[in-house]
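The structure file work.pdb is reproduced below (PDB, C-alpha atoms).
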```
ATOM      1  CA  MET A   1      14.715 -12.129  28.623
ATOM      2  CA  SER A   2      12.343  -9.212  29.074
ATOM      3  CA  LEU A   3       8.735  -9.202  27.948
ATOM      4  CA  GLU A   4       9.540  -6.517  25.375
ATOM      5  CA  THR A   5      12.261  -8.686  23.837
ATOM      6  CA  LEU A   6       9.942 -11.701  23.790
ATOM      7  CA  ASP A   7       7.143  -9.637  22.243
ATOM      8  CA  LEU A   8       9.475  -8.257  19.581
ATOM      9  CA  TRP A   9      10.842 -11.710  18.715
ATOM     10  CA  ILE A  10       7.372 -13.284  18.501
ATOM     11  CA  GLY A  11       6.110 -10.461  16.309
ATOM     12  CA  LYS A  12       9.103 -10.348  13.960
ATOM     13  CA  THR A  13       9.422 -14.116  13.491
ATOM     14  CA  LEU A  14       5.940 -15.602  13.830
ATOM     15  CA  PHE A  15       3.276 -13.025  13.070
ATOM     16  CA  VAL A  16       4.458 -10.015  11.068
ATOM     17  CA  PRO A  17       5.877 -11.805   7.967
ATOM     18  CA  PRO A  18       2.646 -13.740   7.201
ATOM     19  CA  ILE A  19       0.534 -10.659   7.969
ATOM     20  CA  VAL A  20       2.608  -8.505   5.598
ATOM     21  CA  ARG A  21       2.318 -11.165   2.883
ATOM     22  CA  PHE A  22      -1.449 -11.404   3.452
ATOM     23  CA  CYS A  23      -1.733  -7.603   3.189
ATOM     24  CA  GLN A  24       0.268  -7.634  -0.044
ATOM     25  CA  LEU A  25      -1.794 -10.448  -1.569
ATOM     26  CA  THR A  26      -5.144  -8.934  -0.654
ATOM     27  CA  ARG A  27      -4.020  -5.312  -1.174
ATOM     28  CA  GLN A  28      -5.464  -4.359   2.195
ATOM     29  CA  SER A  29      -3.864  -2.198   4.839
ATOM     30  CA  GLN A  30      -2.532  -3.698   8.033
ATOM     31  CA  PHE A  31      -5.278  -1.851   9.896
ATOM     32  CA  ALA A  32      -7.998  -3.427   7.753
ATOM     33  CA  VAL A  33      -6.456  -6.852   8.374
ATOM     34  CA  SER A  34      -6.374  -6.139  12.109
ATOM     35  CA  ARG A  35     -10.055  -5.271  12.107
ATOM     36  CA  LEU A  36     -10.814  -8.311   9.935
ATOM     37  CA  PHE A  37      -9.188 -10.661  12.427
ATOM     38  CA  TRP A  38     -10.891  -8.971  15.373
ATOM     39  CA  PHE A  39     -14.181  -9.550  13.546
ATOM     40  CA  VAL A  40     -13.254 -13.208  12.938
ATOM     41  CA  ALA A  41     -12.284 -13.598  16.609
ATOM     42  CA  ALA A  42     -15.622 -12.103  17.693
ATOM     43  CA  LEU A  43     -17.507 -14.462  15.371
ATOM     44  CA  ASP A  44     -15.507 -17.403  16.702
ATOM     45  CA  GLY A  45     -16.340 -16.370  20.269
ATOM     46  CA  PHE A  46     -20.007 -16.085  19.319
ATOM     47  CA  TYR A  47     -19.918 -19.552  17.742
ATOM     48  CA  ARG A  48     -18.287 -21.057  20.836
ATOM     49  CA  ALA A  49     -20.500 -19.186  23.346
ATOM     50  CA  ASP A  50     -21.982 -21.538  25.918
ATOM     51  CA  SER A  51     -24.159 -19.201  27.974
ATOM     52  CA  PRO A  52     -26.704 -16.483  27.213
ATOM     53  CA  PHE A  53     -24.354 -13.846  28.619
ATOM     54  CA  SER A  54     -21.415 -14.885  26.410
ATOM     55  CA  SER A  55     -23.754 -15.177  23.411
ATOM     56  CA  ILE A  56     -24.943 -11.607  23.922
ATOM     57  CA  LEU A  57     -21.416 -10.346  24.650
ATOM     58  CA  PHE A  58     -19.861 -11.893  21.540
ATOM     59  CA  GLY A  59     -22.927 -11.071  19.423
ATOM     60  CA  VAL A  60     -22.642  -7.379  20.304
ATOM     61  CA  LEU A  61     -18.865  -7.515  19.790
ATOM     62  CA  SER A  62     -19.384  -9.146  16.373
ATOM     63  CA  ILE A  63     -21.793  -6.420  15.278
ATOM     64  CA  PHE A  64     -19.495  -3.692  16.642
ATOM     65  CA  MET A  65     -16.466  -5.159  14.851
ATOM     66  CA  MET A  66     -18.414  -5.549  11.603
ATOM     67  CA  VAL A  67     -19.446  -1.892  11.718
ATOM     68  CA  THR A  68     -15.950  -0.633  12.594
ATOM     69  CA  ALA A  69     -14.364  -2.883   9.964
ATOM     70  CA  SER A  70     -16.645  -1.483   7.289
ATOM     71  CA  MET A  71     -16.666   2.163   8.371
ATOM     72  CA  ARG A  72     -13.088   2.677   9.592
ATOM     73  CA  ALA A  73     -11.098  -0.090   7.944
ATOM     74  CA  ASP A  74      -7.945   1.884   7.213
ATOM     75  CA  MET A  75      -7.808   4.106  10.273
ATOM     76  CA  PRO A  76      -4.746   3.435  12.438
ATOM     77  CA  THR A  77      -5.234   1.155  15.410
ATOM     78  CA  ARG A  78      -3.351   0.713  18.667
ATOM     79  CA  SER A  79      -1.994  -2.381  20.320
ATOM     80  CA  SER A  80      -0.688  -2.949  23.812
ATOM     81  CA  MET A  81       2.261  -5.205  24.559
ATOM     82  CA  TRP A  82       0.622  -6.228  27.826
ATOM     83  CA  PHE A  83      -2.536  -7.310  26.044
ATOM     84  CA  ARG A  84      -0.496  -9.264  23.465
ATOM     85  CA  MET A  85       1.355 -11.051  26.278
ATOM     86  CA  PHE A  86      -1.970 -11.738  28.018
ATOM     87  CA  ALA A  87      -3.375 -13.252  24.798
ATOM     88  CA  LEU A  88      -0.165 -15.222  24.266
ATOM     89  CA  ALA A  89      -0.404 -16.659  27.784
ATOM     90  CA  PHE A  90      -3.966 -17.804  27.110
ATOM     91  CA  LEU A  91      -2.919 -19.285  23.762
ATOM     92  CA  VAL A  92      -0.131 -21.246  25.460
ATOM     93  CA  LEU A  93      -2.552 -22.448  28.162
ATOM     94  CA  ASP A  94      -5.108 -23.512  25.533
ATOM     95  CA  VAL A  95      -2.442 -25.328  23.492
ATOM     96  CA  ALA A  96      -1.193 -27.118  26.620
ATOM     97  CA  ALA A  97      -4.748 -28.072  27.589
ATOM     98  CA  GLY A  98      -5.392 -29.263  24.033
ATOM     99  CA  ALA A  99      -2.235 -31.381  24.073
ATOM    100  CA  VAL A 100      -3.269 -33.007  27.351
ATOM    101  CA  THR A 101      -6.992 -33.467  26.707
ATOM    102  CA  GLY A 102      -7.128 -33.616  22.922
ATOM    103  CA  LYS A 103      -9.795 -30.888  22.871
ATOM    104  CA  TRP A 104      -8.533 -28.102  20.630
ATOM    105  CA  ALA A 105     -11.816 -26.221  20.144
ATOM    106  CA  GLY A 106     -11.451 -22.563  21.097
ATOM    107  CA  THR A 107      -7.677 -22.405  20.782
ATOM    108  CA  GLU A 108      -7.982 -20.555  17.487
ATOM    109  CA  PHE A 109      -9.673 -17.609  19.218
ATOM    110  CA  TRP A 110      -6.403 -16.482  20.829
ATOM    111  CA  LEU A 111      -4.549 -16.998  17.563
ATOM    112  CA  PHE A 112      -7.009 -14.680  15.789
ATOM    113  CA  VAL A 113      -6.600 -12.105  18.581
ATOM    114  CA  LEU A 114      -2.802 -12.239  18.317
ATOM    115  CA  ILE A 115      -2.903 -11.877  14.525
ATOM    116  CA  ALA A 116      -5.175  -8.842  14.902
ATOM    117  CA  GLU A 117      -2.963  -7.300  17.569
ATOM    118  CA  TYR A 118       0.326  -7.879  15.756
ATOM    119  CA  ALA A 119      -1.211  -6.479  12.548
ATOM    120  CA  SER A 120      -1.871  -3.296  14.537
ATOM    121  CA  THR A 121       1.818  -3.001  15.383
ATOM    122  CA  ILE A 122       2.885  -2.733  11.727
ATOM    123  CA  ARG A 123       3.325   0.929  10.810
ATOM    124  CA  THR A 124       4.372   0.629   7.144
ATOM    125  CA  LEU A 125       4.042  -2.157   4.622
ATOM    126  CA  PRO A 126       6.859  -2.900   2.194
ATOM    127  CA  PRO A 127       5.943  -2.678  -1.483
ATOM    128  CA  ARG A 128       4.593  -5.796  -3.074
ATOM    129  CA  GLU A 129       7.217  -7.732  -4.989
ATOM    130  CA  THR A 130       6.087  -8.453  -8.524
ATOM    131  CA  LYS A 131       7.564 -10.767 -11.120
ATOM    132  CA  LYS A 132       8.949  -7.731 -12.919
ATOM    133  CA  SER A 133      10.709  -6.331  -9.834
ATOM    134  CA  ALA A 134      12.064  -9.796  -8.944
ATOM    135  CA  ALA A 135      13.449 -10.174 -12.468
ATOM    136  CA  GLU A 136      15.053  -6.714 -12.304
ATOM    137  CA  ALA A 137      16.642  -7.570  -8.953
ATOM    138  CA  THR A 138      18.060 -10.784 -10.403
ATOM    139  CA  ILE A 139      19.505  -8.952 -13.436
ATOM    140  CA  ALA A 140      21.012  -6.221 -11.240
ATOM    141  CA  SER A 141      22.882  -8.687  -9.042
TER
END
```
Please render this file's structure as structure tokens.
Amino acid sequence: MSLETLDLWIGKTLFVPPIVRFCQLTRQSQFAVSRLFWFVAALDGFYRADSPFSSILFGVLSIFMMVTASMRADMPTRSSMWFRMFALAFLVLDVAAGAVTGKWAGTEFWLFVLIAEYASTIRTLPPRETKKSAAEATIAS
């Protein structure tokens, strides 16, 4: 199984359906959701920072992400398969470490990063299904 196949399967089965539903419920673009989750990841990193350097790094990243989320929310974003696989590897390592040690704090950071990155991969959102359209689909079939 190639990395591209793994990336595609993970995106299509685990991340994209809930992201699309979240976009439809909140009426936000996939790019705004990507920036939102990058902002949440930066805030989580700032909260978990354990040194002055990491506090400054995640503090600056939080401010940068807040500004970009508010100024450029719907501008298209890019995502790299290699970065997604890198984040996935760290998520798997954190989950394994949490299963062994019972310390789960910080695992959510990589989940937020993956949600943000997979939201960036979505190019078009399907229309929101309403009660009216669901009823029309039921009548038609």
Nearest candidate to Ala89 in chain A (options A:Tyr47, A:Phe53, A:Trp110, A:Phe39; using all atoms listed in the file): A:Trp110
Test item: residues at most 10 Å from Leu125 in chain A, all atoms listed in the file, excluding those fewer than 6 positions along its chain, as a PyMOL selection string: chain A and resi 19-21+23-24+29-30
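The environment of Gly11 in chain A within 9 Å, counting all atoms listed in the file and disregarding residues fewer than 6 places along the same chain, consists of Pro17, Tyr118 and Thr121 of chain A.
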Output file for the residues above (C-alpha atoms, as a PDB file, keeping the file's coordinate frame):
```pdb
ATOM      1  CA  PRO A  17       5.877 -11.805   7.967  1.00  0.00           C
ATOM      2  CA  TYR A 118       0.326  -7.879  15.756  1.00  0.00           C
ATOM      3  CA  THR A 121       1.818  -3.001  15.383  1.00  0.00           C
TER       4      THR A 121
END
```
Polymer residues at most 10 Å from Glu4 in chain A, only C-alpha atoms, same-chain spacing of 4 or more positions, as a list in words: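 Residues near the query, excluding close chain neighbours: Leu8, Trp9, Ile10, Met81, Trp82 and Met85 of chain A.
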Coordinates-based distance that separates CA of Thr68 in chain A from CA of Ser34 in chain A (Å, one decimal):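 These two atoms are separated by 11.1 Å.
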Between CA of Ala99 in chain A and CA of Pro18 in chain A, distance in Å (one decimal):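 Atom-to-atom, CA of Ala99 in chain A and CA of Pro18 in chain A are spaced 24.9 Å apart.
Minimum atom-to-atom distance to Val40 in chain A, evaluated using only C-alpha atoms, belongs to A:Leu111 out of A:Leu111, A:Glu129, A:Ile139, A:Thr124.
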Surrounding residues of Ser55 in chain A excluding itself and chain neighbours under 6 positions, 12 Å, only C-alpha atoms, as a PyMOL selection string: chain A and resi 42-49+61-62
Explicit residue set for the PyMOL selection byres ((chain A and resi 94) around 10), as a ChimeraX atom specification: /A:88-93,95-100,103-110
One-decimal distance in Å that lies between CA of Ala32 in chain A and CA of Met66 in chain A: 11.3 Å
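If only C-alpha atoms are the atoms counted, then among A:Ser51, A:Thr101, A:Thr13, A:Ser80 the closest residue to Glu117 in chain A is A:Ser80.
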Can you sort out the box for range 84-98 of chain A, edges along x, y and z, all listed atoms in, 3 Å on every side, with centre and edge lengths in Å to one decimal, as JSON?
```
{"center_x": -2.0, "center_y": -19.3, "center_z": 25.8, "size_x": 12.7, "size_y": 26.0, "size_z": 10.7}
```
Point (-7.1, -11.7, 17.1) neighbourhood (6 Å, all atoms listed in the file) written as a PyMOL selection string: chain A and resi 37-38+41+111-116
Completion step: range 66-98 of chain A with N, CA and C atoms as a CSV table (one decimal), keeping the file's coordinate frame:
```csv
chain,number,residue,atom,x,y,z
A,66,MET,N,-18.0,-5.6,13.0
A,66,MET,CA,-18.4,-5.5,11.6
A,66,MET,C,-18.6,-4.1,11.2
A,67,VAL,N,-19.2,-3.3,12.0
A,67,VAL,CA,-19.4,-1.9,11.7
A,67,VAL,C,-18.1,-1.1,11.6
A,68,THR,N,-17.2,-1.3,12.6
A,68,THR,CA,-16.0,-0.6,12.6
A,68,THR,C,-15.1,-1.1,11.4
A,69,ALA,N,-15.2,-2.4,11.1
A,69,ALA,CA,-14.4,-2.9,10.0
A,69,ALA,C,-14.8,-2.3,8.6
A,70,SER,N,-16.1,-2.0,8.5
A,70,SER,CA,-16.6,-1.5,7.3
A,70,SER,C,-16.6,0.0,7.2
A,71,MET,N,-16.7,0.7,8.4
A,71,MET,CA,-16.7,2.2,8.4
A,71,MET,C,-15.3,2.8,8.5
A,72,ARG,N,-14.4,2.1,9.3
A,72,ARG,CA,-13.1,2.7,9.6
A,72,ARG,C,-12.0,1.7,9.3
A,73,ALA,N,-12.0,1.0,8.2
A,73,ALA,CA,-11.1,-0.1,7.9
A,73,ALA,C,-9.6,0.3,7.9
A,74,ASP,N,-9.3,1.5,7.4
A,74,ASP,CA,-7.9,1.9,7.2
A,74,ASP,C,-7.5,2.9,8.2
A,75,MET,N,-8.3,3.2,9.2
A,75,MET,CA,-7.8,4.1,10.3
A,75,MET,C,-6.8,3.4,11.2
A,76,PRO,N,-5.8,4.1,11.6
A,76,PRO,CA,-4.7,3.4,12.4
A,76,PRO,C,-5.3,2.9,13.7
A,77,THR,N,-4.8,1.8,14.2
A,77,THR,CA,-5.2,1.2,15.4
A,77,THR,C,-4.1,1.1,16.4
A,78,ARG,N,-4.4,0.8,17.6
A,78,ARG,CA,-3.4,0.7,18.7
A,78,ARG,C,-3.3,-0.7,19.2
A,79,SER,N,-2.2,-1.1,19.7
A,79,SER,CA,-2.0,-2.4,20.3
A,79,SER,C,-1.1,-2.2,21.6
A,80,SER,N,-1.4,-3.0,22.6
A,80,SER,CA,-0.7,-2.9,23.8
A,80,SER,C,0.1,-4.2,24.0
A,81,MET,N,1.4,-4.0,24.3
A,81,MET,CA,2.3,-5.2,24.6
A,81,MET,C,1.7,-6.1,25.7
A,82,TRP,N,1.2,-5.5,26.7
A,82,TRP,CA,0.6,-6.2,27.8
A,82,TRP,C,-0.6,-7.1,27.4
A,83,PHE,N,-1.4,-6.5,26.5
A,83,PHE,CA,-2.5,-7.3,26.0
A,83,PHE,C,-2.1,-8.5,25.2
A,84,ARG,N,-1.0,-8.2,24.3
A,84,ARG,CA,-0.5,-9.3,23.5
A,84,ARG,C,0.1,-10.4,24.3
A,85,MET,N,0.8,-10.0,25.4
A,85,MET,CA,1.4,-11.1,26.3
A,85,MET,C,0.2,-11.8,27.0
A,86,PHE,N,-0.8,-11.1,27.4
A,86,PHE,CA,-2.0,-11.7,28.0
A,86,PHE,C,-2.6,-12.8,27.1
A,87,ALA,N,-2.8,-12.4,25.8
A,87,ALA,CA,-3.4,-13.3,24.8
A,87,ALA,C,-2.4,-14.4,24.5
A,88,LEU,N,-1.1,-14.2,24.5
A,88,LEU,CA,-0.2,-15.2,24.3
A,88,LEU,C,-0.2,-16.2,25.4
A,89,ALA,N,-0.3,-15.8,26.6
A,89,ALA,CA,-0.4,-16.7,27.8
A,89,ALA,C,-1.6,-17.6,27.7
A,90,PHE,N,-2.8,-17.0,27.3
A,90,PHE,CA,-4.0,-17.8,27.1
A,90,PHE,C,-3.8,-18.8,25.9
A,91,LEU,N,-3.2,-18.4,24.9
A,91,LEU,CA,-2.9,-19.3,23.8
A,91,LEU,C,-2.1,-20.5,24.2
A,92,VAL,N,-1.0,-20.2,25.0
A,92,VAL,CA,-0.1,-21.2,25.5
A,92,VAL,C,-0.9,-22.2,26.4
A,93,LEU,N,-1.7,-21.6,27.3
A,93,LEU,CA,-2.6,-22.4,28.2
A,93,LEU,C,-3.5,-23.3,27.4
A,94,ASP,N,-4.2,-22.7,26.4
A,94,ASP,CA,-5.1,-23.5,25.5
A,94,ASP,C,-4.4,-24.6,24.7
A,95,VAL,N,-3.2,-24.3,24.2
A,95,VAL,CA,-2.4,-25.3,23.5
A,95,VAL,C,-2.0,-26.4,24.4
A,96,ALA,N,-1.6,-26.1,25.6
A,96,ALA,CA,-1.2,-27.1,26.6
A,96,ALA,C,-2.4,-28.0,27.0
A,97,ALA,N,-3.5,-27.3,27.2
A,97,ALA,CA,-4.7,-28.1,27.6
A,97,ALA,C,-5.2,-29.0,26.4
A,98,GLY,N,-5.0,-28.5,25.2
A,98,GLY,CA,-5.4,-29.3,24.0
A,98,GLY,C,-4.5,-30.5,23.9
```
